[in-house]
>>> print(open('run.csv').read())   # CSV, C-alpha atoms and all ligand atoms
chain,number,residue,atom,x,y,z
A,1,MET,CA,0.0,0.0,0.0
A,2,LYS,CA,2.8,2.3,0.9
A,3,ASN,CA,4.5,1.4,-2.3
A,4,SER,CA,1.5,2.0,-4.5
A,5,SER,CA,0.9,5.5,-3.0
A,6,ARG,CA,4.6,6.2,-3.6
A,7,ARG,CA,4.2,5.1,-7.2
A,8,GLY,CA,1.2,7.3,-7.5
A,9,PHE,CA,3.1,10.3,-6.2
A,10,MET,CA,6.1,9.6,-8.6
A,11,GLY,CA,3.7,9.2,-11.5
A,12,LYS,CA,2.1,12.6,-10.8
A,13,ALA,CA,5.5,14.3,-10.3
A,14,PHE,CA,6.7,12.8,-13.6
A,15,GLY,CA,3.5,13.9,-15.3
A,16,ALA,CA,3.9,17.5,-14.0
A,17,VAL,CA,7.6,17.7,-15.2
A,18,ALA,CA,6.6,16.3,-18.6
A,19,GLY,CA,3.8,18.8,-18.8
A,20,ILE,CA,6.0,21.7,-18.0
A,21,GLY,CA,8.5,20.4,-20.6
A,22,ALA,CA,5.8,20.1,-23.3
A,23,VAL,CA,4.6,23.7,-22.6
A,24,ALA,CA,8.2,25.0,-22.8
A,25,SER,CA,8.8,23.3,-26.1
A,26,LEU,CA,5.5,24.5,-27.5
A,27,TYR,CA,6.5,28.1,-26.5
A,28,ALA,CA,9.9,27.7,-28.1
A,29,MET,CA,8.4,26.3,-31.3
A,30,LYS,CA,5.9,29.2,-31.5
A,31,LYS,CA,8.7,31.7,-31.0
A,32,SER,CA,10.7,30.2,-33.8
A,33,TRP,CA,7.7,30.3,-36.1
A,34,ASP,CA,6.9,33.9,-35.3
A,35,PRO,CA,7.9,36.4,-38.0
A,36,LEU,CA,11.0,38.5,-37.5
A,37,PRO,CA,10.4,41.8,-35.5
A,38,SER,CA,10.4,43.8,-38.7
A,39,VAL,CA,7.7,41.6,-40.3
A,40,LYS,CA,4.0,42.3,-39.7
A,41,ALA,CA,1.0,40.3,-40.7
A,42,ALA,CA,-1.2,40.8,-43.8
A,43,GLY,CA,1.6,41.4,-46.3
A,44,PHE,CA,3.1,44.4,-44.7
A,45,THR,CA,6.8,44.7,-43.6
A,46,THR,CA,7.8,47.6,-41.5
A,47,LEU,CA,11.4,48.6,-41.6
A,48,ASP,CA,13.2,50.7,-39.0
A,49,MET,CA,15.3,52.8,-41.4
A,50,SER,CA,17.6,54.1,-38.6
A,51,ILE,CA,19.5,50.8,-38.3
A,52,TYR,CA,21.2,50.7,-41.7
A,53,ASN,CA,24.8,51.7,-42.4
A,54,GLU,CA,25.8,53.7,-45.5
A,55,ASN,CA,26.8,51.8,-48.6
A,56,GLU,CA,26.1,48.5,-46.9
A,57,LEU,CA,23.5,46.4,-48.6
A,58,VAL,CA,20.9,44.7,-46.4
A,59,VAL,CA,18.5,42.1,-47.8
A,60,GLU,CA,15.1,42.2,-46.1
A,61,LYS,CA,12.0,40.2,-47.0
A,62,TRP,CA,8.6,41.3,-48.2
A,63,ARG,CA,5.9,38.8,-49.3
A,64,GLY,CA,8.6,36.2,-49.8
A,65,LYS,CA,10.7,38.4,-52.0
A,66,PRO,CA,14.2,39.7,-51.2
A,67,ILE,CA,14.2,43.5,-50.7
A,68,PHE,CA,17.5,45.3,-51.2
A,69,VAL,CA,17.9,48.2,-48.8
A,70,LEU,CA,20.9,50.5,-49.4
A,71,LYS,CA,21.5,53.6,-47.4
A,72,LYS,CA,23.3,56.1,-49.7
A,73,THR,CA,26.4,57.9,-48.7
A,74,ALA,CA,26.5,61.7,-48.8
A,75,ASP,CA,28.7,61.4,-51.9
A,76,MET,CA,26.1,59.2,-53.7
A,77,VAL,CA,23.4,61.7,-52.9
A,78,ALA,CA,25.5,64.6,-54.1
A,79,LYS,CA,26.3,63.0,-57.5
A,80,GLN,CA,22.8,61.6,-58.2
A,81,THR,CA,21.7,62.1,-61.8
A,82,GLU,CA,18.0,62.9,-62.6
A,83,GLU,CA,17.4,59.2,-63.4
A,84,GLN,CA,18.9,58.2,-60.1
A,85,LYS,CA,17.0,60.9,-58.1
A,86,VAL,CA,13.6,59.8,-59.2
A,87,ARG,CA,14.3,56.3,-57.6
A,88,ASP,CA,15.4,57.8,-54.4
A,89,ILE,CA,13.5,57.2,-51.1
A,90,LYS,CA,14.0,59.8,-48.5
A,91,VAL,CA,13.3,59.0,-44.8
A,92,GLY,CA,14.2,61.9,-42.5
A,93,ASP,CA,17.5,63.3,-43.8
A,94,ALA,CA,18.7,60.0,-45.2
A,95,HIS,CA,18.4,58.7,-48.7
A,96,TYR,CA,17.9,55.0,-49.6
A,97,MET,CA,17.5,52.6,-52.5
A,98,VAL,CA,14.8,50.2,-51.6
A,99,CYS,CA,14.0,47.7,-54.4
A,100,ILE,CA,12.9,44.2,-55.0
A,101,GLY,CA,16.2,42.3,-55.2
A,102,LEU,CA,15.4,40.3,-58.4
A,103,CYS,CA,17.0,40.9,-61.7
A,104,THR,CA,14.4,42.2,-64.1
A,105,HIS,CA,15.8,40.0,-66.9
A,106,LEU,CA,15.0,36.5,-65.6
A,107,GLY,CA,14.8,36.9,-61.9
A,108,CYS,CA,18.3,36.0,-60.5
A,109,ILE,CA,19.5,37.8,-57.4
A,110,PRO,CA,22.3,40.2,-58.3
A,111,ALA,CA,25.2,40.8,-55.9
A,112,TYR,CA,26.3,44.2,-54.6
A,113,ASP,CA,29.9,45.4,-54.9
A,114,ALA,CA,30.3,48.2,-52.3
A,115,ALA,CA,33.7,49.2,-53.8
A,116,LYS,CA,32.1,49.6,-57.3
A,117,GLU,CA,28.8,50.9,-55.9
A,118,GLY,CA,26.9,48.7,-58.2
A,119,PHE,CA,25.2,45.3,-58.7
A,120,LEU,CA,26.2,42.5,-61.0
A,121,CYS,CA,23.8,39.8,-62.0
A,122,ALA,CA,26.0,36.7,-62.6
A,123,CYS,CA,23.3,35.0,-64.7
A,124,HIS,CA,23.8,37.0,-67.9
A,125,GLY,CA,26.0,39.9,-66.9
A,126,GLY,CA,23.3,42.5,-66.2
A,127,GLN,CA,24.4,45.5,-64.2
A,128,PHE,CA,22.6,48.0,-62.0
A,129,ASP,CA,23.9,51.1,-60.2
A,130,TRP,CA,23.4,52.0,-56.5
A,131,SER,CA,20.1,53.6,-57.3
A,132,GLY,CA,18.8,50.3,-58.9
A,133,ALA,CA,18.9,51.7,-62.5
A,134,VAL,CA,20.2,49.5,-65.3
A,135,THR,CA,23.7,50.2,-66.5
A,136,HIS,CA,24.3,47.2,-68.6
A,137,VAL,CA,21.7,45.0,-70.5
A,138,PRO,CA,20.0,42.5,-70.8
A,139,PRO,CA,17.8,43.6,-67.9
A,140,PRO,CA,15.0,45.6,-69.5
A,141,ARG,CA,14.5,48.0,-66.6
A,142,GLY,CA,15.9,48.9,-63.2
A,143,PHE,CA,15.0,47.0,-60.1
A,144,ASP,CA,11.3,47.2,-59.3
A,145,ILE,CA,10.4,49.3,-56.3
A,146,PRO,CA,7.8,47.7,-53.9
A,147,PRO,CA,4.8,49.7,-52.7
A,148,PHE,CA,6.0,51.8,-49.7
A,149,LYS,CA,4.9,54.4,-47.3
A,150,VAL,CA,7.2,56.6,-45.3
A,151,ASP,CA,6.0,56.7,-41.7
A,152,GLY,CA,8.3,58.8,-39.6
A,153,SER,CA,11.6,57.0,-39.4
A,154,LYS,CA,10.0,53.8,-40.7
A,155,LEU,CA,9.1,52.5,-44.1
A,156,VAL,CA,6.0,50.3,-44.5
A,157,LEU,CA,6.3,47.9,-47.4
A,158,GLY,CA,3.1,46.8,-49.0
A,159,GLU,CA,1.3,50.2,-48.5
A,160,ALA,CA,1.3,52.7,-51.3
A,161,GLY,CA,2.1,56.2,-49.9
A,162,PRO,CA,2.2,59.4,-52.0
A,163,GLU,CA,5.9,59.0,-52.8
A,164,TYR,CA,5.3,55.5,-54.2
A,165,LYS,CA,2.2,56.6,-56.2
A,166,LYS,CA,4.2,59.4,-57.8
A,167,MET,CA,6.9,56.9,-58.8
A,168,LYS,CA,4.3,54.6,-60.3
A,169,GLU,CA,2.5,57.3,-62.2
A,170,THR,CA,5.7,58.6,-63.7
A,171,GLY,CA,6.7,55.1,-64.8
A,172,VAL,CA,9.7,54.8,-62.4
A,173,THR,CA,8.4,51.4,-61.3
A,174,LEU,CA,5.8,48.9,-62.3
B,1,LIG,FE1,20.1,38.9,-64.6
B,1,LIG,FE2,19.8,37.6,-66.8
B,1,LIG,S1,18.8,37.2,-65.0
B,1,LIG,S2,21.0,39.3,-66.4
>>> encode(input="run.csv", output="structure tokens", more="lines below")
Ligand code: FES
Amino acid sequence: MKNSSRRGFMGKAFGAVAGIGAVASLYAMKKSWDPLPSVKAAGFTTLDMSIYNENELVVEKWRGKPIFVLKKTADMVAKQTEEQKVRDIKVGDAHYMVCIGLCTHLGCIPAYDAAKEGFLCACHGGQFDWSGAVTHVPPPRGFDIPPFKVDGSKLVLGEAGPEYKKMKETGVTL
């Protein structure tokens, strides 16, 4: 009798520990499935634009697509041509290139060379400058710019703000 009540106690204790373990692993699994802090539900990605370094390409994600974010240096901003200026996204005092990181030829992901301030698509030799404009064919156009809205120091991808609408109307992006 003594033994059976001891077994009962051990069984309950084991069950409690196993239960806590199961809850802990479910919590860990949920955390690993949760989107990154920059990613919101319903197709919107909010980027904190204050975290980027100049001339350092960062690849974010929006609706499963790579998004190139490049904060321009003061030198880049100063030497921008008209074609480069119209692709510029200004957040506060900083200027950025924010584009879908897929070559507009056949969809490869070009690589950025910070020293040359340009992108090379290894698939067929297409090249883009640091504003995302084409500098060497075969890509038929510059990188596409995703719908965006400037919200203070943040950029909301997936929402079409006035700056994006103007780009679209003037044919800067699709
Ligand atoms: Fe980039 Fe062809 S896919 S040049």
>>> atom_distance(input="run.csv", atom1="atom CA of Gly43 of chain A", atom2="atom CA of Arg63 of chain A")
5.9 Å
>>> residues_around(input="run.csv", residues="Asn55 of chain A", least_positions_apart="5", cutoff="10 Å", atoms="only C-alpha atoms", output="NGL selection string")
:A and (69-74 or 76 or 96 or 112-115 or 117 or 130)
>>> residues_near_ligand(input="run.csv", ligand="ligand LIG 1 (chain B)", cutoff="9 Å", atoms="only C-alpha atoms and all ligand atoms", output="PyMOL selection string")
chain A and resi 102-110+120-127+136-139
>>> atom_distance(input="run.csv", atom1="atom CA of Lys61 of chain A", atom2="atom CA of Lys166 of chain A")
23.4 Å
>>> closest_residue(input="run.csv", among="A:Pro140, A:Gly92, A:Pro146, A:Gly171", to="Phe68 of chain A", atoms="only C-alpha atoms")
A:Pro146
>>> closest_residue(input="run.csv", among="A:Asp151, A:Asp88, A:Asp144, A:Glu82", to="Thr173 of chain A", atoms="only C-alpha atoms")
A:Asp144
>>> closest_residue(input="run.csv", among="A:Cys99, A:Phe128, A:Ser153, A:Val134", to="Leu47 of chain A", atoms="all atoms listed in the file")
A:Ser153
>>> residues_around(input="run.csv", residues="Tyr164 of chain A", least_positions_apart="6", cutoff="9 Å", atoms="all atoms listed in the file", output="ChimeraX atom specification")
/A:89,145-149,173
>>> atom_distance(input="run.csv", atom1="atom CA of Pro66 of chain A", atom2="atom CA of Lys116 of chain A")
21.3 Å
>>> closest_residue(input="run.csv", among="A:Val59, A:Ile67, A:Ala78, A:Met49", to="Gly152 of chain A", atoms="only C-alpha atoms")
A:Met49
>>> closest_residue(input="run.csv", among="A:Val156, A:Arg141, A:Lys65, A:Gly132", to="Asp48 of chain A", atoms="only C-alpha atoms")
A:Val156
>>> decode(input="run.csv", residues="segment 24-157 of chain A", atoms="C-alpha atoms", output="short mmCIF file (atom, residue, chain, number, x, y, z; two decimals), in the first residue's frame")
data_model
loop_
_atom_site.label_atom_id
_atom_site.label_comp_id
_atom_site.auth_asym_id
_atom_site.auth_seq_id
_atom_site.Cartn_x
_atom_site.Cartn_y
_atom_site.Cartn_z
CA ALA A 24 8.17 25.01 -22.75
CA SER A 25 8.84 23.29 -26.08
CA LEU A 26 5.54 24.51 -27.55
CA TYR A 27 6.49 28.05 -26.51
CA ALA A 28 9.94 27.66 -28.09
CA MET A 29 8.39 26.29 -31.30
CA LYS A 30 5.92 29.17 -31.48
CA LYS A 31 8.74 31.70 -31.00
CA SER A 32 10.73 30.16 -33.84
CA TRP A 33 7.68 30.31 -36.13
CA ASP A 34 6.87 33.91 -35.28
CA PRO A 35 7.88 36.40 -37.96
CA LEU A 36 10.99 38.53 -37.46
CA PRO A 37 10.38 41.76 -35.50
CA SER A 38 10.39 43.77 -38.73
CA VAL A 39 7.70 41.62 -40.32
CA LYS A 40 4.03 42.27 -39.75
CA ALA A 41 0.96 40.30 -40.74
CA ALA A 42 -1.20 40.81 -43.82
CA GLY A 43 1.60 41.36 -46.30
CA PHE A 44 3.14 44.42 -44.67
CA THR A 45 6.76 44.69 -43.64
CA THR A 46 7.78 47.63 -41.50
CA LEU A 47 11.44 48.56 -41.62
CA ASP A 48 13.16 50.72 -39.04
CA MET A 49 15.31 52.82 -41.37
CA SER A 50 17.57 54.09 -38.59
CA ILE A 51 19.45 50.78 -38.32
CA TYR A 52 21.19 50.75 -41.72
CA ASN A 53 24.78 51.71 -42.43
CA GLU A 54 25.81 53.72 -45.47
CA ASN A 55 26.83 51.76 -48.59
CA GLU A 56 26.08 48.46 -46.87
CA LEU A 57 23.46 46.37 -48.64
CA VAL A 58 20.93 44.67 -46.38
CA VAL A 59 18.48 42.13 -47.76
CA GLU A 60 15.09 42.25 -46.10
CA LYS A 61 12.03 40.23 -47.01
CA TRP A 62 8.57 41.26 -48.16
CA ARG A 63 5.90 38.80 -49.30
CA GLY A 64 8.59 36.16 -49.82
CA LYS A 65 10.70 38.41 -52.05
CA PRO A 66 14.19 39.72 -51.24
CA ILE A 67 14.21 43.46 -50.69
CA PHE A 68 17.46 45.34 -51.20
CA VAL A 69 17.94 48.23 -48.78
CA LEU A 70 20.92 50.46 -49.41
CA LYS A 71 21.50 53.63 -47.43
CA LYS A 72 23.27 56.09 -49.70
CA THR A 73 26.41 57.93 -48.72
CA ALA A 74 26.54 61.75 -48.84
CA ASP A 75 28.73 61.38 -51.94
CA MET A 76 26.13 59.20 -53.69
CA VAL A 77 23.39 61.71 -52.89
CA ALA A 78 25.51 64.62 -54.13
CA LYS A 79 26.31 63.00 -57.47
CA GLN A 80 22.84 61.61 -58.25
CA THR A 81 21.67 62.11 -61.83
CA GLU A 82 18.01 62.87 -62.57
CA GLU A 83 17.43 59.20 -63.43
CA GLN A 84 18.86 58.17 -60.06
CA LYS A 85 17.05 60.91 -58.12
CA VAL A 86 13.58 59.75 -59.19
CA ARG A 87 14.25 56.34 -57.64
CA ASP A 88 15.41 57.84 -54.36
CA ILE A 89 13.47 57.19 -51.14
CA LYS A 90 13.99 59.82 -48.46
CA VAL A 91 13.31 59.02 -44.81
CA GLY A 92 14.16 61.91 -42.52
CA ASP A 93 17.48 63.28 -43.76
CA ALA A 94 18.70 59.98 -45.17
CA HIS A 95 18.40 58.68 -48.71
CA TYR A 96 17.86 55.03 -49.64
CA MET A 97 17.52 52.64 -52.49
CA VAL A 98 14.79 50.16 -51.59
CA CYS A 99 14.04 47.68 -54.36
CA ILE A 100 12.88 44.16 -55.02
CA GLY A 101 16.19 42.30 -55.22
CA LEU A 102 15.44 40.31 -58.35
CA CYS A 103 17.03 40.95 -61.74
CA THR A 104 14.37 42.23 -64.14
CA HIS A 105 15.79 39.99 -66.88
CA LEU A 106 15.04 36.48 -65.62
CA GLY A 107 14.83 36.89 -61.87
CA CYS A 108 18.30 36.03 -60.55
CA ILE A 109 19.50 37.78 -57.39
CA PRO A 110 22.31 40.21 -58.26
CA ALA A 111 25.24 40.78 -55.91
CA TYR A 112 26.29 44.19 -54.62
CA ASP A 113 29.88 45.35 -54.86
CA ALA A 114 30.31 48.19 -52.34
CA ALA A 115 33.67 49.23 -53.82
CA LYS A 116 32.12 49.63 -57.30
CA GLU A 117 28.82 50.93 -55.88
CA GLY A 118 26.91 48.66 -58.23
CA PHE A 119 25.20 45.32 -58.71
CA LEU A 120 26.23 42.51 -61.00
CA CYS A 121 23.83 39.78 -62.05
CA ALA A 122 26.00 36.72 -62.61
CA CYS A 123 23.34 34.96 -64.72
CA HIS A 124 23.78 36.99 -67.92
CA GLY A 125 26.00 39.90 -66.92
CA GLY A 126 23.31 42.50 -66.23
CA GLN A 127 24.43 45.46 -64.15
CA PHE A 128 22.64 48.04 -62.00
CA ASP A 129 23.91 51.11 -60.23
CA TRP A 130 23.40 51.96 -56.54
CA SER A 131 20.05 53.58 -57.30
CA GLY A 132 18.82 50.35 -58.88
CA ALA A 133 18.87 51.70 -62.47
CA VAL A 134 20.22 49.47 -65.25
CA THR A 135 23.71 50.25 -66.47
CA HIS A 136 24.25 47.16 -68.61
CA VAL A 137 21.69 45.01 -70.46
CA PRO A 138 20.05 42.47 -70.79
CA PRO A 139 17.81 43.59 -67.86
CA PRO A 140 15.01 45.60 -69.54
CA ARG A 141 14.55 48.02 -66.61
CA GLY A 142 15.86 48.92 -63.19
CA PHE A 143 14.97 47.00 -60.07
CA ASP A 144 11.27 47.21 -59.29
CA ILE A 145 10.36 49.31 -56.26
CA PRO A 146 7.79 47.73 -53.93
CA PRO A 147 4.79 49.73 -52.72
CA PHE A 148 5.98 51.76 -49.74
CA LYS A 149 4.86 54.42 -47.34
CA VAL A 150 7.16 56.62 -45.28
CA ASP A 151 5.98 56.66 -41.68
CA GLY A 152 8.29 58.82 -39.56
CA SER A 153 11.60 56.96 -39.36
CA LYS A 154 9.97 53.79 -40.67
CA LEU A 155 9.13 52.45 -44.09
CA VAL A 156 6.03 50.34 -44.51
CA LEU A 157 6.34 47.94 -47.45
#
